[in-house]
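Text of the file query08.pdb, holding PDB, C-alpha atoms and all ligand atoms:
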ATOM      1  CA  MET A  16       0.000   0.000   0.000  1.00  0.00           C
ATOM      2  CA  ARG A  17       1.269   3.463  -0.815  1.00  0.00           C
ATOM      3  CA  GLN A  18       0.941   6.512   1.357  1.00  0.00           C
ATOM      4  CA  PHE A  19      -2.177   8.509   0.510  1.00  0.00           C
ATOM      5  CA  ASP A  20      -2.880  12.158   1.248  1.00  0.00           C
ATOM      6  CA  ILE A  21      -6.589  12.169   0.541  1.00  0.00           C
ATOM      7  CA  PHE A  22      -9.095   9.813   2.133  1.00  0.00           C
ATOM      8  CA  PRO A  23     -11.033   7.801   1.300  1.00  0.00           C
ATOM      9  CA  ALA A  24      -8.412   6.542  -1.084  1.00  0.00           C
ATOM     10  CA  GLN A  25      -8.812   3.886  -3.726  1.00  0.00           C
ATOM     11  CA  THR A  26      -6.150   1.639  -5.130  1.00  0.00           C
ATOM     12  CA  THR A  27      -5.807  -1.548  -7.098  1.00  0.00           C
ATOM     13  CA  VAL A  28      -3.121  -4.013  -6.078  1.00  0.00           C
ATOM     14  CA  THR A  29      -2.098  -6.706  -8.527  1.00  0.00           C
ATOM     15  CA  GLY A  30      -0.685  -9.831  -6.975  1.00  0.00           C
ATOM     16  CA  ASP A  31       1.658 -12.459  -8.260  1.00  0.00           C
ATOM     17  CA  PRO A  32      -0.017 -15.909  -8.084  1.00  0.00           C
ATOM     18  CA  GLU A  33       3.426 -17.471  -7.605  1.00  0.00           C
ATOM     19  CA  THR A  34       4.230 -15.485  -4.468  1.00  0.00           C
ATOM     20  CA  LEU A  35       0.733 -16.088  -3.145  1.00  0.00           C
ATOM     21  CA  ALA A  36       1.694 -19.794  -3.099  1.00  0.00           C
ATOM     22  CA  LEU A  37      -1.836 -20.821  -2.258  1.00  0.00           C
ATOM     23  CA  ASP A  38      -1.934 -24.522  -1.526  1.00  0.00           C
ATOM     24  CA  TYR A  39      -5.467 -25.532  -0.708  1.00  0.00           C
ATOM     25  CA  GLN A  40      -7.589 -28.620  -1.161  1.00  0.00           C
ATOM     26  CA  GLY A  41      -9.695 -28.416  -4.330  1.00  0.00           C
ATOM     27  CA  LEU A  42      -7.673 -25.529  -5.688  1.00  0.00           C
ATOM     28  CA  ASN A  43      -5.339 -26.439  -8.537  1.00  0.00           C
ATOM     29  CA  LYS A  44      -3.892 -23.079  -9.367  1.00  0.00           C
ATOM     30  CA  VAL A  45      -4.347 -19.330  -8.993  1.00  0.00           C
ATOM     31  CA  ILE A  46      -4.220 -17.922 -12.530  1.00  0.00           C
ATOM     32  CA  ASN A  47      -4.373 -14.218 -11.719  1.00  0.00           C
ATOM     33  CA  VAL A  48      -5.251 -12.077  -8.735  1.00  0.00           C
ATOM     34  CA  SER A  49      -5.829  -8.442  -7.876  1.00  0.00           C
ATOM     35  CA  ALA A  50      -7.646  -6.445  -5.224  1.00  0.00           C
ATOM     36  CA  ASP A  51      -9.519  -3.141  -5.397  1.00  0.00           C
ATOM     37  CA  VAL A  52      -9.006  -1.545  -2.012  1.00  0.00           C
ATOM     38  CA  ARG A  53     -10.922   1.414  -0.625  1.00  0.00           C
ATOM     39  CA  ILE A  54      -9.143   2.933   2.337  1.00  0.00           C
ATOM     40  CA  GLN A  55     -10.569   5.226   5.008  1.00  0.00           C
ATOM     41  CA  LYS A  56      -8.248   6.683   7.618  1.00  0.00           C
ATOM     42  CA  SER A  57      -9.320   7.045  11.231  1.00  0.00           C
ATOM     43  CA  GLY A  58      -6.616   8.200  13.609  1.00  0.00           C
ATOM     44  CA  GLU A  59      -3.711   5.853  13.073  1.00  0.00           C
ATOM     45  CA  GLU A  60      -5.880   3.105  11.658  1.00  0.00           C
ATOM     46  CA  TYR A  61      -6.687   2.479   8.017  1.00  0.00           C
ATOM     47  CA  PHE A  62     -10.034   0.816   7.436  1.00  0.00           C
ATOM     48  CA  CYS A  63      -9.921  -1.118   4.188  1.00  0.00           C
ATOM     49  CA  GLN A  64     -12.732  -2.566   2.118  1.00  0.00           C
ATOM     50  CA  ALA A  65     -11.311  -4.839  -0.533  1.00  0.00           C
ATOM     51  CA  LEU A  66     -12.802  -6.607  -3.505  1.00  0.00           C
ATOM     52  CA  VAL A  67     -10.563  -9.533  -4.350  1.00  0.00           C
ATOM     53  CA  ASN A  68     -10.737 -10.444  -8.036  1.00  0.00           C
ATOM     54  CA  ALA A  69      -9.088 -13.651  -9.088  1.00  0.00           C
ATOM     55  CA  VAL A  70      -9.284 -16.447 -11.603  1.00  0.00           C
ATOM     56  CA  VAL A  71      -8.504 -19.836 -10.142  1.00  0.00           C
ATOM     57  CA  SER A  72      -8.559 -23.340 -11.511  1.00  0.00           C
ATOM     58  CA  THR A  73     -10.731 -25.555  -9.343  1.00  0.00           C
ATOM     59  CA  GLU A  74     -12.945 -28.625  -9.492  1.00  0.00           C
ATOM     60  CA  CYS A  75     -16.684 -28.425 -10.245  1.00  0.00           C
ATOM     61  CA  SER A  76     -18.485 -29.788  -7.188  1.00  0.00           C
ATOM     62  CA  ARG A  77     -21.098 -31.488  -9.394  1.00  0.00           C
ATOM     63  CA  CYS A  78     -19.182 -33.063 -12.289  1.00  0.00           C
ATOM     64  CA  LEU A  79     -15.670 -32.970 -10.740  1.00  0.00           C
ATOM     65  CA  THR A  80     -14.166 -31.464 -13.911  1.00  0.00           C
ATOM     66  CA  ASP A  81     -11.533 -28.726 -13.588  1.00  0.00           C
ATOM     67  CA  PHE A  82     -12.687 -25.302 -14.669  1.00  0.00           C
ATOM     68  CA  ASP A  83     -11.660 -21.659 -14.279  1.00  0.00           C
ATOM     69  CA  LEU A  84     -13.612 -19.936 -11.544  1.00  0.00           C
ATOM     70  CA  ALA A  85     -13.877 -16.140 -11.408  1.00  0.00           C
ATOM     71  CA  VAL A  86     -13.664 -15.029  -7.792  1.00  0.00           C
ATOM     72  CA  ASN A  87     -15.120 -11.668  -6.724  1.00  0.00           C
ATOM     73  CA  GLN A  88     -15.003 -11.668  -2.980  1.00  0.00           C
ATOM     74  CA  ASP A  89     -15.545  -8.726  -0.631  1.00  0.00           C
ATOM     75  CA  THR A  90     -13.422  -8.570   2.478  1.00  0.00           C
ATOM     76  CA  ASP A  91     -12.743  -5.968   5.175  1.00  0.00           C
ATOM     77  CA  PHE A  92      -9.643  -5.457   7.241  1.00  0.00           C
ATOM     78  CA  ILE A  93      -7.846  -2.842   9.288  1.00  0.00           C
ATOM     79  CA  ALA A  94      -4.276  -1.849   8.488  1.00  0.00           C
ATOM     80  CA  CYS A  95      -2.222  -0.248  11.243  1.00  0.00           C
ATOM     81  CA  SER A  96       1.075  -0.526  13.071  1.00  0.00           C
ATOM     82  CA  GLN A  97       1.587  -3.224  15.652  1.00  0.00           C
ATOM     83  CA  VAL A  98       1.901  -0.482  18.296  1.00  0.00           C
ATOM     84  CA  THR A  99      -1.425   1.137  17.345  1.00  0.00           C
ATOM     85  CA  HIS A 100      -3.076  -2.255  17.441  1.00  0.00           C
ATOM     86  CA  GLU A 101      -1.887  -2.872  20.986  1.00  0.00           C
ATOM     87  CA  GLU A 102      -3.015   0.583  22.085  1.00  0.00           C
ATOM     88  CA  LYS A 103      -6.419   0.106  20.501  1.00  0.00           C
ATOM     89  CA  ALA A 104      -6.943  -3.444  21.761  1.00  0.00           C
ATOM     90  CA  GLY A 105     -10.474  -3.688  23.079  1.00  0.00           C
ATOM     91  CA  ASP A 106     -11.840  -0.852  20.910  1.00  0.00           C
ATOM     92  CA  HIS A 107     -12.969  -3.221  18.163  1.00  0.00           C
ATOM     93  CA  PRO A 108     -14.701  -6.569  18.207  1.00  0.00           C
ATOM     94  CA  ASP A 109     -12.282  -9.497  18.119  1.00  0.00           C
ATOM     95  CA  ASP A 110     -13.401 -10.738  14.730  1.00  0.00           C
ATOM     96  CA  GLU A 111     -11.772  -7.906  12.777  1.00  0.00           C
ATOM     97  CA  ASP A 112      -8.956  -8.880  10.437  1.00  0.00           C
ATOM     98  CA  TYR A 113      -5.741  -6.916  10.858  1.00  0.00           C
ATOM     99  CA  VAL A 114      -2.673  -6.427   8.746  1.00  0.00           C
ATOM    100  CA  PHE A 115       0.320  -4.703  10.241  1.00  0.00           C
ATOM    101  CA  PHE A 116       2.638  -2.242   8.620  1.00  0.00           C
ATOM    102  CA  THR A 117       6.031  -3.657   7.841  1.00  0.00           C
ATOM    103  CA  GLY A 118       8.705  -1.559   9.506  1.00  0.00           C
ATOM    104  CA  SER A 119       7.995   2.143   9.894  1.00  0.00           C
ATOM    105  CA  ASP A 120       6.418   2.473   6.428  1.00  0.00           C
ATOM    106  CA  ILE A 121       2.720   2.709   5.691  1.00  0.00           C
ATOM    107  CA  GLN A 122       3.011  -0.553   3.810  1.00  0.00           C
ATOM    108  CA  ALA A 123       1.382  -3.852   4.477  1.00  0.00           C
ATOM    109  CA  ASP A 124       1.333  -7.336   3.050  1.00  0.00           C
ATOM    110  CA  ILE A 125      -2.285  -8.291   2.339  1.00  0.00           C
ATOM    111  CA  SER A 126      -1.487 -11.777   0.966  1.00  0.00           C
ATOM    112  CA  GLU A 127      -3.176 -13.521   3.872  1.00  0.00           C
ATOM    113  CA  ILE A 128      -6.367 -11.455   3.393  1.00  0.00           C
ATOM    114  CA  VAL A 129      -6.364 -12.361  -0.316  1.00  0.00           C
ATOM    115  CA  ARG A 130      -5.711 -16.043   0.462  1.00  0.00           C
ATOM    116  CA  GLN A 131      -8.653 -16.196   2.861  1.00  0.00           C
ATOM    117  CA  ALA A 132     -10.957 -14.522   0.315  1.00  0.00           C
ATOM    118  CA  ILE A 133     -10.033 -17.061  -2.378  1.00  0.00           C
ATOM    119  CA  ILE A 134     -10.394 -20.016   0.015  1.00  0.00           C
ATOM    120  CA  LEU A 135     -13.861 -18.751   0.976  1.00  0.00           C
ATOM    121  CA  ALA A 136     -14.921 -18.731  -2.694  1.00  0.00           C
ATOM    122  CA  VAL A 137     -13.508 -22.222  -3.346  1.00  0.00           C
ATOM    123  CA  ASP A 138     -15.234 -23.551  -0.211  1.00  0.00           C
ATOM    124  CA  LEU A 139     -18.636 -22.434  -1.533  1.00  0.00           C
ATOM    125  CA  LYS A 140     -18.733 -25.560  -3.734  1.00  0.00           C
ATOM    126  CA  PRO A 141     -18.578 -23.783  -7.088  1.00  0.00           C
ATOM    127  CA  ILE A 142     -20.109 -25.358 -10.194  1.00  0.00           C
ATOM    128  CA  CYS A 143     -18.702 -25.133 -13.724  1.00  0.00           C
ATOM    129  CA  SER A 144     -22.008 -23.903 -15.120  1.00  0.00           C
ATOM    130  CA  ASN A 145     -25.578 -23.477 -13.896  1.00  0.00           C
ATOM    131  CA  ASP A 146     -26.545 -26.130 -16.429  1.00  0.00           C
ATOM    132  CA  CYS A 147     -23.983 -28.644 -15.178  1.00  0.00           C
ATOM    133  CA  LEU A 148     -25.676 -32.060 -15.092  1.00  0.00           C
ATOM    134  CA  GLY A 149     -23.125 -33.614 -12.764  1.00  0.00           C
ATOM    135  CA  LEU A 150     -22.294 -37.282 -12.559  1.00  0.00           C
ATOM    136  CA  CYS A 151     -24.750 -40.157 -12.873  1.00  0.00           C
ATOM    137  CA  GLN A 152     -25.276 -41.435  -9.335  1.00  0.00           C
ATOM    138  CA  THR A 153     -25.501 -44.988 -10.590  1.00  0.00           C
ATOM    139  CA  CYS A 154     -22.697 -45.442 -13.117  1.00  0.00           C
ATOM    140  CA  GLY A 155     -20.651 -42.311 -12.450  1.00  0.00           C
ATOM    141  CA  ILE A 156     -20.354 -40.987 -16.020  1.00  0.00           C
ATOM    142  CA  ASN A 157     -20.152 -37.230 -16.578  1.00  0.00           C
ATOM    143  CA  MET A 158     -23.652 -36.465 -17.847  1.00  0.00           C
ATOM    144  CA  ASN A 159     -22.460 -33.270 -19.524  1.00  0.00           C
ATOM    145  CA  GLU A 160     -20.419 -35.402 -21.925  1.00  0.00           C
ATOM    146  CA  GLU A 161     -22.205 -38.745 -22.163  1.00  0.00           C
ATOM    147  CA  SER A 162     -25.598 -40.247 -21.503  1.00  0.00           C
ATOM    148  CA  CYS A 163     -26.417 -43.584 -19.962  1.00  0.00           C
ATOM    149  CA  ASN A 164     -29.468 -45.788 -19.572  1.00  0.00           C
ATOM    150  CA  CYS A 165     -29.535 -45.813 -15.802  1.00  0.00           C
ATOM    151  CA  VAL A 166     -32.978 -45.306 -14.292  1.00  0.00           C
ATOM    152  CA  LYS A 167     -33.030 -41.827 -12.786  1.00  0.00           C
ATOM    153  CA  GLU A 168     -34.767 -41.856  -9.406  1.00  0.00           C
ATOM    154  CA  THR A 169     -35.522 -38.516  -7.884  1.00  0.00           C
ATOM    155  CA  ILE A 170     -34.401 -38.934  -4.319  1.00  0.00           C
ATOM    156  CA  ASP A 171     -34.338 -35.269  -3.385  1.00  0.00           C
ATOM    157  CA  PRO A 172     -37.065 -34.962  -0.723  1.00  0.00           C
ATOM    158  CA  ARG A 173     -37.715 -31.363  -1.754  1.00  0.00           C
ATOM    159  CA  TRP A 174     -39.405 -32.649  -4.910  1.00  0.00           C
ATOM    160  CA  GLU A 175     -41.858 -34.844  -2.989  1.00  0.00           C
ATOM    161  CA  GLY A 176     -44.046 -31.847  -2.165  1.00  0.00           C
ATOM    162  CA  LEU A 177     -44.110 -30.846  -5.801  1.00  0.00           C
ATOM    163  CA  LYS A 178     -45.129 -34.352  -6.853  1.00  0.00           C
ATOM    164  CA  LYS A 179     -48.103 -34.195  -4.484  1.00  0.00           C
ATOM    165  CA  LEU A 180     -49.013 -30.771  -5.784  1.00  0.00           C
ATOM    166  CA  SER A 181     -49.083 -31.910  -9.397  1.00  0.00           C
ATOM    167  CA  GLY A 182     -50.950 -35.064  -8.306  1.00  0.00           C
ATOM    168  CA  SER A 183     -53.732 -33.136  -6.609  1.00  0.00           C
ATOM    169  CA  ALA A 184     -53.913 -30.748  -9.564  1.00  0.00           C
ATOM    170  CA  THR A 185     -54.555 -33.710 -11.861  1.00  0.00           C
ATOM    171  CA  GLU A 186     -57.197 -35.167  -9.534  1.00  0.00           C
ATOM    172  CA  HIS A 187     -58.904 -31.819  -9.437  1.00  0.00           C
ATOM    173  CA  LYS A 188     -59.083 -31.773 -13.210  1.00  0.00           C
ATOM    174  CA  GLU A 189     -60.529 -35.288 -13.327  1.00  0.00           C
ATOM    175  CA  GLN A 190     -63.314 -34.344 -10.927  1.00  0.00           C
ATOM    176  CA  ARG A 191     -64.598 -31.670 -13.260  1.00  0.00           C
TER     177      ARG A 191
HETATM  178 ZN    ZN X   1     -19.715 -29.302 -13.652  1.00  0.00          ZN
HETATM  179 ZN    ZN X   2     -25.598 -43.916 -15.413  1.00  0.00          ZN
END
Show me, as structure tokens, the structure contained in the file I just sent.
Amino acid sequence: MRQFDIFPAQTTVTGDPETLALDYQGLNKVINVSADVRIQKSGEEYFCQALVNAVVSTECSRCLTDFDLAVNQDTDFIACSQVTHEEKAGDHPDDEDYVFFTGSDIQADISEIVRQAIILAVDLKPICSNDCLGLCQTCGINMNEESCNCVKETIDPRWEGLKKLSGSATEHKEQR
């Protein structure tokens, strides 16, 4: 982060996926990453609202095929010096994320914030497309690519109500 004279300040930080070295289950690779950060200064603390934009290669949670996922994740954190943080301890709820200035400069490494934002997006069980058909529960083929003759049983209990609804609608018709 650079030093800003006017607040709120806005900046875009571009990260190097290599240095981010994000090793996480289900995540193959970070292809590119950047963050739009809006900074508001309050005393010696810098309140930051960041939008982490990244493209990562991950596995579709339905069909298990690798695909490129666009991540757009909001995250908030406070940047300040270690000293300020100790002085202010107790002023903020414990769940705030902090980054500390490195040395005496108004500069901070936000890699960990970016990592957490990407992990959050990958943990949301992303799917390759809204139309993804997933795998056949019987034979395991990828139904986006092939079709099989397995009998498809609807086991999702949420559909049971709908079945009844359509059933009673039909009965109603027959009574007329
Ligand atoms: Zn899929
Ligand atoms: Zn099948």
Using only C-alpha atoms and all ligand atoms: which of A:Asn157, A:Glu60, A:Cys151, A:Pro141 has the shortest distance to ligand ZN 2 (chain X)
A:Cys151
With all atoms listed in the file as the counted atoms, please give the residues lying no more than 12 Å from region 69-86 of chain A, apart from itself and same-chain residues fewer than 3 positions off, as a PyMOL selection string.
chain A and resi 28-32+35+37-51+66+89+129-152+155-161
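For the atom pair formed by CA of Asp106 (chain A) and CA of Phe92 (chain A), the distance is 14.6 Å, given to one decimal.
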Please indicate the distance in Å from CA of Gln88 (chain A) to CA of Tyr61 (chain A), rounded to one decimal place.
19.8 Å
To one decimal place, how far is CA of Val114 (chain A) from CA of Ile128 (chain A) in Å?
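A separation of 8.2 Å between them.
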When you look at Asp91 (chain A) with a cut-off of 8 Å (counting only C-alpha atoms), what residues show up, excluding the ones that are within fewer than 5 positions of it in the same chain? I need them as a short mmCIF file (atom, residue, chain, number, x, y, z; two decimals) with C-alpha atoms, in the coordinates of the input.
data_model
loop_
_atom_site.label_atom_id
_atom_site.label_comp_id
_atom_site.auth_asym_id
_atom_site.auth_seq_id
_atom_site.Cartn_x
_atom_site.Cartn_y
_atom_site.Cartn_z
CA PHE A 62 -10.03 0.82 7.44
CA CYS A 63 -9.92 -1.12 4.19
CA GLN A 64 -12.73 -2.57 2.12
CA ALA A 65 -11.31 -4.84 -0.53
CA GLU A 111 -11.77 -7.91 12.78
CA ASP A 112 -8.96 -8.88 10.44
#
Starting from the incomplete input, reconstruct all heavy atoms of region 66-77 of chain A and write that as a PDB file, in the coordinates of the input.
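Generated output (rebuild-v6.pdb):
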ATOM      1  N   LEU A  66     -12.130  -5.648  -2.633  1.00  0.00           N
ATOM      2  CA  LEU A  66     -12.802  -6.607  -3.505  1.00  0.00           C
ATOM      3  C   LEU A  66     -11.688  -7.404  -4.162  1.00  0.00           C
ATOM      4  O   LEU A  66     -10.891  -6.862  -4.934  1.00  0.00           O
ATOM      5  CB  LEU A  66     -13.661  -5.888  -4.557  1.00  0.00           C
ATOM      6  CG  LEU A  66     -14.303  -6.795  -5.607  1.00  0.00           C
ATOM      7  CD1 LEU A  66     -15.302  -7.769  -4.977  1.00  0.00           C
ATOM      8  CD2 LEU A  66     -14.988  -5.989  -6.688  1.00  0.00           C
ATOM      9  N   VAL A  67     -11.606  -8.665  -3.800  1.00  0.00           N
ATOM     10  CA  VAL A  67     -10.563  -9.533  -4.350  1.00  0.00           C
ATOM     11  C   VAL A  67     -11.086 -10.144  -5.651  1.00  0.00           C
ATOM     12  O   VAL A  67     -12.138 -10.781  -5.663  1.00  0.00           O
ATOM     13  CB  VAL A  67     -10.176 -10.643  -3.346  1.00  0.00           C
ATOM     14  CG1 VAL A  67      -9.208 -11.636  -3.967  1.00  0.00           C
ATOM     15  CG2 VAL A  67      -9.578 -10.027  -2.088  1.00  0.00           C
ATOM     16  N   ASN A  68     -10.379  -9.887  -6.732  1.00  0.00           N
ATOM     17  CA  ASN A  68     -10.737 -10.444  -8.036  1.00  0.00           C
ATOM     18  C   ASN A  68      -9.665 -11.442  -8.432  1.00  0.00           C
ATOM     19  O   ASN A  68      -8.493 -11.095  -8.457  1.00  0.00           O
ATOM     20  CB  ASN A  68     -10.797  -9.341  -9.093  1.00  0.00           C
ATOM     21  CG  ASN A  68     -11.809  -8.279  -8.743  1.00  0.00           C
ATOM     22  OD1 ASN A  68     -12.999  -8.557  -8.626  1.00  0.00           O
ATOM     23  ND2 ASN A  68     -11.344  -7.060  -8.542  1.00  0.00           N
ATOM     24  N   ALA A  69     -10.083 -12.651  -8.719  1.00  0.00           N
ATOM     25  CA  ALA A  69      -9.088 -13.651  -9.088  1.00  0.00           C
ATOM     26  C   ALA A  69      -9.700 -14.643 -10.066  1.00  0.00           C
ATOM     27  O   ALA A  69     -10.932 -14.761 -10.157  1.00  0.00           O
ATOM     28  CB  ALA A  69      -8.595 -14.392  -7.852  1.00  0.00           C
ATOM     29  N   VAL A  70      -8.855 -15.306 -10.800  1.00  0.00           N
ATOM     30  CA  VAL A  70      -9.284 -16.447 -11.603  1.00  0.00           C
ATOM     31  C   VAL A  70      -8.480 -17.628 -11.086  1.00  0.00           C
ATOM     32  O   VAL A  70      -7.253 -17.555 -11.006  1.00  0.00           O
ATOM     33  CB  VAL A  70      -9.045 -16.233 -13.114  1.00  0.00           C
ATOM     34  CG1 VAL A  70      -9.441 -17.476 -13.900  1.00  0.00           C
ATOM     35  CG2 VAL A  70      -9.827 -15.021 -13.615  1.00  0.00           C
ATOM     36  N   VAL A  71      -9.190 -18.664 -10.669  1.00  0.00           N
ATOM     37  CA  VAL A  71      -8.504 -19.836 -10.142  1.00  0.00           C
ATOM     38  C   VAL A  71      -9.006 -21.080 -10.867  1.00  0.00           C
ATOM     39  O   VAL A  71     -10.132 -21.110 -11.362  1.00  0.00           O
ATOM     40  CB  VAL A  71      -8.741 -20.008  -8.614  1.00  0.00           C
ATOM     41  CG1 VAL A  71      -8.255 -18.792  -7.848  1.00  0.00           C
ATOM     42  CG2 VAL A  71     -10.201 -20.283  -8.286  1.00  0.00           C
ATOM     43  N   SER A  72      -8.162 -22.071 -10.933  1.00  0.00           N
ATOM     44  CA  SER A  72      -8.559 -23.340 -11.511  1.00  0.00           C
ATOM     45  C   SER A  72      -8.973 -24.255 -10.352  1.00  0.00           C
ATOM     46  O   SER A  72      -8.204 -24.485  -9.429  1.00  0.00           O
ATOM     47  CB  SER A  72      -7.396 -23.954 -12.291  1.00  0.00           C
ATOM     48  OG  SER A  72      -7.702 -25.295 -12.610  1.00  0.00           O
ATOM     49  N   THR A  73     -10.229 -24.708 -10.417  1.00  0.00           N
ATOM     50  CA  THR A  73     -10.731 -25.555  -9.343  1.00  0.00           C
ATOM     51  C   THR A  73     -11.632 -26.639  -9.924  1.00  0.00           C
ATOM     52  O   THR A  73     -11.848 -26.694 -11.134  1.00  0.00           O
ATOM     53  CB  THR A  73     -11.462 -24.696  -8.277  1.00  0.00           C
ATOM     54  OG1 THR A  73     -11.806 -25.516  -7.164  1.00  0.00           O
ATOM     55  CG2 THR A  73     -12.732 -24.068  -8.831  1.00  0.00           C
ATOM     56  N   GLU A  74     -12.142 -27.491  -9.054  1.00  0.00           N
ATOM     57  CA  GLU A  74     -12.945 -28.625  -9.492  1.00  0.00           C
ATOM     58  C   GLU A  74     -14.429 -28.303  -9.327  1.00  0.00           C
ATOM     59  O   GLU A  74     -14.838 -27.809  -8.280  1.00  0.00           O
ATOM     60  CB  GLU A  74     -12.568 -29.819  -8.609  1.00  0.00           C
ATOM     61  CG  GLU A  74     -13.005 -31.142  -9.127  1.00  0.00           C
ATOM     62  CD  GLU A  74     -12.485 -32.262  -8.226  1.00  0.00           C
ATOM     63  OE1 GLU A  74     -12.951 -32.355  -7.080  1.00  0.00           O
ATOM     64  OE2 GLU A  74     -11.634 -33.049  -8.685  1.00  0.00           O
ATOM     65  N   CYS A  75     -15.234 -28.611 -10.347  1.00  0.00           N
ATOM     66  CA  CYS A  75     -16.684 -28.425 -10.245  1.00  0.00           C
ATOM     67  C   CYS A  75     -17.209 -29.398  -9.185  1.00  0.00           C
ATOM     68  O   CYS A  75     -16.864 -30.578  -9.197  1.00  0.00           O
ATOM     69  CB  CYS A  75     -17.343 -28.712 -11.588  1.00  0.00           C
ATOM     70  SG  CYS A  75     -19.143 -28.751 -11.510  1.00  0.00           S
ATOM     71  N   SER A  76     -18.024 -28.914  -8.266  1.00  0.00           N
ATOM     72  CA  SER A  76     -18.485 -29.788  -7.188  1.00  0.00           C
ATOM     73  C   SER A  76     -19.567 -30.761  -7.660  1.00  0.00           C
ATOM     74  O   SER A  76     -19.913 -31.692  -6.958  1.00  0.00           O
ATOM     75  CB  SER A  76     -18.975 -28.952  -6.006  1.00  0.00           C
ATOM     76  OG  SER A  76     -20.033 -28.125  -6.408  1.00  0.00           O
ATOM     77  N   ARG A  77     -20.092 -30.544  -8.873  1.00  0.00           N
ATOM     78  CA  ARG A  77     -21.098 -31.488  -9.394  1.00  0.00           C
ATOM     79  C   ARG A  77     -20.485 -32.536 -10.311  1.00  0.00           C
ATOM     80  O   ARG A  77     -20.703 -33.724 -10.151  1.00  0.00           O
ATOM     81  CB  ARG A  77     -22.161 -30.722 -10.201  1.00  0.00           C
ATOM     82  CG  ARG A  77     -23.310 -30.256  -9.360  1.00  0.00           C
ATOM     83  CD  ARG A  77     -24.415 -29.744 -10.264  1.00  0.00           C
ATOM     84  NE  ARG A  77     -25.183 -28.705  -9.601  1.00  0.00           N
ATOM     85  CZ  ARG A  77     -25.955 -27.845 -10.229  1.00  0.00           C
ATOM     86  NH1 ARG A  77     -26.046 -27.864 -11.559  1.00  0.00           N
ATOM     87  NH2 ARG A  77     -26.632 -26.952  -9.559  1.00  0.00           N
TER      88      ARG A  77
END
